[in-house]
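Q: Sharing a structure here in structure tokens format.
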Amino acid sequence: MDFIQIIKEKASAYKAEVIAIRQHLHQNPELSFQEFKTAEFIESKLNEYGITNQKRLVKTGIIALIEGKNPTKKIIALRSDHDALPILETNEVDYKSVNNGVMHACGHDVHTSSLLGVAKILNELKNEFEGTVKLVFQPGEEIIPGGASLIIKEGGLENPSPSKMFGQHVYPQLEAGKVGFRPGMYMASADEIYVTVKGKGGHAALPQLNVDPILIASHIIVALQQIVSRSAHPTVPTVLSFGKIIGEGATNVIPDEVKIEGTFRTMNEEWRAKAHQKMKKMAEDIAEGMGGECVFDIHVGYPFLVNDEELTARAKQGAIEYLGTENVVDLDLRMTAEDFAFYSQILPTCFYRLGVKNDQKQINSGLHTSTFNVDEDALETGMGLMAWLTVKELQV
């Protein structure tokens, strides 16, 4: 059976339907772990396709099974995420978000609609392949602790347990019709840093009577950059950035405290744990040495994402077979983070990128922006390729 041709024909036939699904999801976004209507919609589409072996996890997550012949021979998981971001959309499109201040600005509407398209295709082909396809419609990717960690905690990768897993993510730097792969380490871990520097406020003209938390905070911020430049191994990607400082004094008022927020990212778990200790001790010692106090809190987030070398190599070759060599690119390391990394730490995974850019249509805004949009031709590529990679991998 020529699976590629059959899948391409089905992806083309279902393109309009999947675009309509994407537009419905885009118009009705819901924030992380609040995706109740989204979950109901996904369930209704799965039922419509005849995929009734479903269960809820993490309140708004759905696990569904498509069983082919000899269903226990091999189990492959496919993942999408369906939460949106707290962003006010400024696109002027018919399917603009109707939920004020909430927007699918990271492409999760594309991920979910694509996986529903994959589900429809594979369910129609289930008598032609051996094994089981486990569909993971995941909530809460955008905020710690990450829906992936909770899916795992609640047994989402058990009964049956997949031997490998695929995920795809939109990539606005890549033209629609193209995809990208990277074996091995791909995305960074991500931790949130919350620092409170306490001093003794007072009149800014009488600094001798105060303990200035703004001065202490500035020393801490500068000094902590040494963690990256002098403590991190040069071959281990590491980023420390602070994006928020609040010291509510005035031109003539030194405040009692300053709050700082930032992010720490790297690609080595041993160094990650060591860096946490170094940052905390350095900040506390600086504050104490300057007469103040520092409360240094790290919210441990997602681990780094690693793609299985062999699985990713086969997937890249499968993409070349499906799309042609000219439409498959190699990806660079990224210091952004994804909770798909939790899956990658416990089973072989391949997390690849789906191009959605089209300069001629002026669709080229970045992720997490109020003008983010996609060339919807990418949906045909997204569902078709994932369906083909799944069938191909079931045959290995």
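Ordering of the structure tokens sets the chain letters (A, B, ...); residue numbers start at 1 within each chain; ligands are numbered from 1 in the order shown.
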Can you pull out the residues contacting segment 218-224 of chain A? Cut-off 7 Å, using only C-alpha atoms, and skip same-chain residues under 5 positions away; I want them as an NGL selection string.

A: :A and (279 or 283 or 286)

Q: Within 10 Å of Glu393 of chain A, counting only C-alpha atoms, which residues qualify if same-chain residues fewer than 3 places away don't, as a ChimeraX atom specification?

A: /A:74-76,164,311,314-315,318,388-390,396

Q: Can you pull out every residue within 8 Å of Leu115 of chain A, counting only C-alpha atoms, but drop anything in the same chain fewer than 2 positions away, and send it as JSON, numbers by chain?

A: {"A": [78, 79, 80, 111, 112, 113, 117, 118, 119, 135, 383]}

Q: Can I get the selected residues back with C-alpha atoms, as an mmCIF file, in the first residue's frame?

A:
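Done, and the output landed in result_24.cif:
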data_model
loop_
_atom_site.group_PDB
_atom_site.id
_atom_site.type_symbol
_atom_site.label_atom_id
_atom_site.label_comp_id
_atom_site.auth_asym_id
_atom_site.auth_seq_id
_atom_site.Cartn_x
_atom_site.Cartn_y
_atom_site.Cartn_z
ATOM 1 C CA LEU A 78 1.333 11.837 19.432
ATOM 2 C CA ARG A 79 1.030 15.040 21.424
ATOM 3 C CA SER A 80 -0.589 18.429 20.954
ATOM 4 C CA HIS A 111 -1.166 21.836 17.047
ATOM 5 C CA THR A 112 -4.603 20.684 18.205
ATOM 6 C CA SER A 113 -6.370 21.002 14.867
ATOM 7 C CA GLY A 117 -6.704 15.797 11.370
ATOM 8 C CA VAL A 118 -4.086 13.119 12.059
ATOM 9 C CA ALA A 119 -6.608 11.274 14.215
ATOM 10 C CA LEU A 135 -3.316 10.681 21.136
ATOM 11 C CA MET A 383 -1.466 16.652 9.703
#

Q: What parts of segment 6-230 of chain A does DSSP call strand (DSSP E)? I'd like the answer as a VMD selection string.

A: chain A and resid 54 to 57 61 to 67 75 to 81 132 to 138 164 to 175 179 to 181 184 to 187 190 to 198 202 to 203

Q: Using only C-alpha atoms, which of A:Gly61, A:Gly355, A:Gly243, A:Gly199 sits nearest Ile151 of chain A?

A: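 Between A:Gly61, A:Gly355, A:Gly243, A:Gly199, the residue approaching Ile151 of chain A most closely is A:Gly61.
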
Q: Please provide the set of residues having any atom within 7 Å of Glu309 of chain A, restricted to only C-alpha atoms, with same-chain residues fewer than 3 positions apart removed, written as a list of chain:residue names.

A: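 Within the cut-off, the hits are A:Pro183, A:Gly184, A:Thr312, A:Ala313.
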
Q: For the selection you just gave me, I'd like the residues written to a file as a CSV table (one decimal), in the first residue's frame, keeping C-alpha atoms.

A:
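For reference, out.csv as written:
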chain,number,residue,atom,x,y,z
A,183,PRO,CA,18.6,15.3,17.0
A,184,GLY,CA,20.0,15.4,20.5
A,312,THR,CA,14.8,11.9,14.8
A,313,ALA,CA,17.0,10.6,12.0

Q: Write out as a VMD selection string all residues of segment 139-294 of chain A that backbone DSSP assigns to alpha helix (DSSP H).

A: chain A and resid 147 to 153 213 to 226 269 to 289

Q: Print the selection's residues with N, CA and C atoms to a file, as a CSV table (one decimal), in the first residue's frame.

A:
chain,number,residue,atom,x,y,z
A,147,GLY,N,1.6,21.1,31.8
A,147,GLY,CA,0.6,20.0,31.7
A,147,GLY,C,1.3,18.6,31.4
A,148,ALA,N,2.4,18.6,30.7
A,148,ALA,CA,3.1,17.4,30.4
A,148,ALA,C,3.5,16.7,31.7
A,149,SER,N,4.0,17.4,32.7
A,149,SER,CA,4.4,16.7,34.0
A,149,SER,C,3.2,16.1,34.7
A,150,LEU,N,2.1,16.8,34.6
A,150,LEU,CA,0.9,16.3,35.2
A,150,LEU,C,0.2,15.1,34.5
A,151,ILE,N,0.3,15.2,33.1
A,151,ILE,CA,-0.1,14.0,32.3
A,151,ILE,C,0.6,12.8,32.7
A,152,ILE,N,1.9,12.9,32.9
A,152,ILE,CA,2.8,11.8,33.3
A,152,ILE,C,2.4,11.4,34.7
A,153,LYS,N,2.3,12.3,35.6
A,153,LYS,CA,2.0,12.0,37.0
A,153,LYS,C,0.6,11.3,37.1
A,213,PRO,N,18.1,49.1,49.4
A,213,PRO,CA,17.9,47.8,48.7
A,213,PRO,C,18.0,47.9,47.2
A,214,ILE,N,17.9,49.2,46.7
A,214,ILE,CA,18.1,49.4,45.2
A,214,ILE,C,19.6,49.2,44.9
A,215,LEU,N,20.4,49.7,45.7
A,215,LEU,CA,21.9,49.6,45.5
A,215,LEU,C,22.3,48.1,45.6
A,216,ILE,N,21.7,47.4,46.7
A,216,ILE,CA,22.0,46.0,46.9
A,216,ILE,C,21.6,45.2,45.7
A,217,ALA,N,20.3,45.5,45.2
A,217,ALA,CA,19.8,44.7,44.1
A,217,ALA,C,20.6,44.9,42.9
A,218,SER,N,21.1,46.1,42.6
A,218,SER,CA,21.9,46.3,41.4
A,218,SER,C,23.2,45.5,41.5
A,219,HIS,N,23.8,45.4,42.7
A,219,HIS,CA,25.0,44.6,42.8
A,219,HIS,C,24.7,43.1,42.6
A,220,ILE,N,23.6,42.7,43.1
A,220,ILE,CA,23.2,41.3,42.9
A,220,ILE,C,23.0,41.0,41.4
A,221,ILE,N,22.3,41.8,40.7
A,221,ILE,CA,22.1,41.6,39.3
A,221,ILE,C,23.4,41.5,38.5
A,222,VAL,N,24.3,42.4,38.8
A,222,VAL,CA,25.5,42.4,38.0
A,222,VAL,C,26.4,41.2,38.4
A,223,ALA,N,26.5,40.9,39.7
A,223,ALA,CA,27.3,39.8,40.2
A,223,ALA,C,26.8,38.5,39.7
A,224,LEU,N,25.5,38.3,39.6
A,224,LEU,CA,25.0,37.0,39.2
A,224,LEU,C,25.4,36.6,37.8
A,225,GLN,N,25.7,37.6,36.9
A,225,GLN,CA,26.1,37.3,35.6
A,225,GLN,C,27.4,36.6,35.5
A,226,GLN,N,28.2,36.6,36.7
A,226,GLN,CA,29.4,35.8,36.7
A,226,GLN,C,29.1,34.3,36.7
A,269,GLU,N,21.5,19.1,33.5
A,269,GLU,CA,20.8,19.0,34.7
A,269,GLU,C,21.7,19.1,35.9
A,270,GLU,N,22.9,18.5,35.9
A,270,GLU,CA,23.8,18.6,37.0
A,270,GLU,C,24.3,20.1,37.2
A,271,TRP,N,24.6,20.8,36.1
A,271,TRP,CA,25.0,22.2,36.2
A,271,TRP,C,23.8,23.0,36.7
A,272,ARG,N,22.7,22.7,36.2
A,272,ARG,CA,21.5,23.4,36.6
A,272,ARG,C,21.3,23.5,38.1
A,273,ALA,N,21.4,22.3,38.7
A,273,ALA,CA,21.2,22.2,40.2
A,273,ALA,C,22.3,23.0,40.9
A,274,LYS,N,23.6,22.9,40.4
A,274,LYS,CA,24.7,23.5,41.0
A,274,LYS,C,24.6,25.1,40.9
A,275,ALA,N,24.1,25.5,39.7
A,275,ALA,CA,23.9,27.0,39.5
A,275,ALA,C,22.9,27.5,40.4
A,276,HIS,N,21.8,26.8,40.7
A,276,HIS,CA,20.8,27.3,41.6
A,276,HIS,C,21.4,27.6,43.0
A,277,GLN,N,22.3,26.7,43.5
A,277,GLN,CA,22.9,26.9,44.8
A,277,GLN,C,23.9,28.1,44.8
A,278,LYS,N,24.6,28.2,43.6
A,278,LYS,CA,25.6,29.3,43.5
A,278,LYS,C,24.9,30.6,43.5
A,279,MET,N,23.8,30.7,42.7
A,279,MET,CA,23.1,32.0,42.6
A,279,MET,C,22.5,32.4,44.0
A,280,LYS,N,21.9,31.5,44.7
A,280,LYS,CA,21.3,31.8,45.9
A,280,LYS,C,22.3,32.2,47.0
A,281,LYS,N,23.4,31.5,47.1
A,281,LYS,CA,24.4,31.9,48.0
A,281,LYS,C,25.0,33.2,47.7
A,282,MET,N,25.3,33.5,46.4
A,282,MET,CA,25.9,34.8,46.1
A,282,MET,C,25.0,35.9,46.4
A,283,ALA,N,23.8,35.8,46.1
A,283,ALA,CA,22.8,36.9,46.3
A,283,ALA,C,22.6,37.1,47.8
A,284,GLU,N,22.5,36.1,48.6
A,284,GLU,CA,22.3,36.2,50.0
A,284,GLU,C,23.6,36.8,50.7
A,285,ASP,N,24.8,36.4,50.2
A,285,ASP,CA,26.0,36.9,50.8
A,285,ASP,C,26.2,38.4,50.5
A,286,ILE,N,25.9,38.8,49.2
A,286,ILE,CA,26.0,40.2,48.9
A,286,ILE,C,25.1,41.1,49.7
A,287,ALA,N,23.8,40.6,49.8
A,287,ALA,CA,22.9,41.4,50.6
A,287,ALA,C,23.3,41.5,52.1
A,288,GLU,N,23.8,40.4,52.7
A,288,GLU,CA,24.2,40.5,54.1
A,288,GLU,C,25.4,41.4,54.2
A,289,GLY,N,26.4,41.3,53.3
A,289,GLY,CA,27.6,42.1,53.3
A,289,GLY,C,27.3,43.6,53.2

Q: Between atom CA of Glu338 of chain A and atom CA of Ile363 of chain A, what is the distance, to one decimal in Å?

A: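 Distance between the two atoms: 23.3 Å.
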
Q: So that I can check the surroundings of Val179 of chain A, please list as a PyMOL selection string every protein, DNA and RNA residue that reaches within 6 Å of it, counting only C-alpha atoms and ignoring chain neighbours fewer than 4 positions away.

A: chain A and resi 328+353-355

Q: Can I get the selected residues back with C-alpha atoms, as a compact mmCIF listing (two decimals), in the first residue's frame?

A:
# COMPACT_ATOMS: atom_id res chain seq x y z
CA VAL A 328 13.32 19.76 5.28
CA ARG A 353 9.06 22.31 13.81
CA LEU A 354 6.31 23.17 11.35
CA GLY A 355 6.88 26.21 9.14

Q: Taking into account only C-alpha atoms, which residue in the set A:Thr251, A:Pro234, A:Phe181, A:Ile121 is nearest to Ala204 of chain A?

A: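 With only C-alpha atoms as the atom set, the closest residue is A:Thr251.
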
Q: Could you tell me which of A:Leu385, A:Leu125, A:Ala20, A:Ala77 comes closest to Gly324 of chain A if we count only C-alpha atoms?

A: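 Of all the options, A:Leu385 lies closest to Gly324 of chain A.
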
Q: Hey, can you check how far atom CA of Ser114 of chain A sits from atom CA of Ala13 of chain A?

A: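 For atom CA of Ser114 of chain A relative to atom CA of Ala13 of chain A, the distance reads 13.5 Å.
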
Q: Could you state the separation of atom CA of Lys259 of chain A and atom CA of Val211 of chain A in Å, given to one decimal place?

A: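 It comes out at 15.2 Å.
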
Q: So which one's closest to Lys244 of chain A, A:Thr196, A:Ser229, A:Gln362, A:Thr266? Using only C-alpha atoms, please.

A: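 Looking only at the distances to Lys244 of chain A, the closest residue turns out to be A:Thr196.
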
Q: Using only C-alpha atoms, which residues sit within 8 Å of Ile245 of chain A once same-chain residues fewer than 6 positions away are excluded, as a PDB file with C-alpha atoms, in the first residue's frame?

A:
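Generated output (out.pdb):
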ATOM      1  CA  VAL A 258      13.104  45.676  45.914  1.00  0.00           C
ATOM      2  CA  LYS A 259      11.643  42.738  43.989  1.00  0.00           C
ATOM      3  CA  ILE A 260      13.449  41.155  41.035  1.00  0.00           C
ATOM      4  CA  GLU A 261      12.196  38.481  38.623  1.00  0.00           C
TER       5      GLU A 261
END

Q: Nearest to Met165 of chain A: which of A:Asp308, A:Glu40, A:Glu67, A:Asp191 is it, counting only C-alpha atoms?

A: A:Asp308

Q: Which polymer residues have any atom within 8 Å of an atom of Lys96 of chain A, counting only C-alpha atoms, with same-chain residues fewer than 3 positions away left out, as a list in words?

A: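 Skipping anything fewer than 3 positions along the chain leaves His26, Gln27, Glu89, Asn91, Glu92 and Val93 of chain A.
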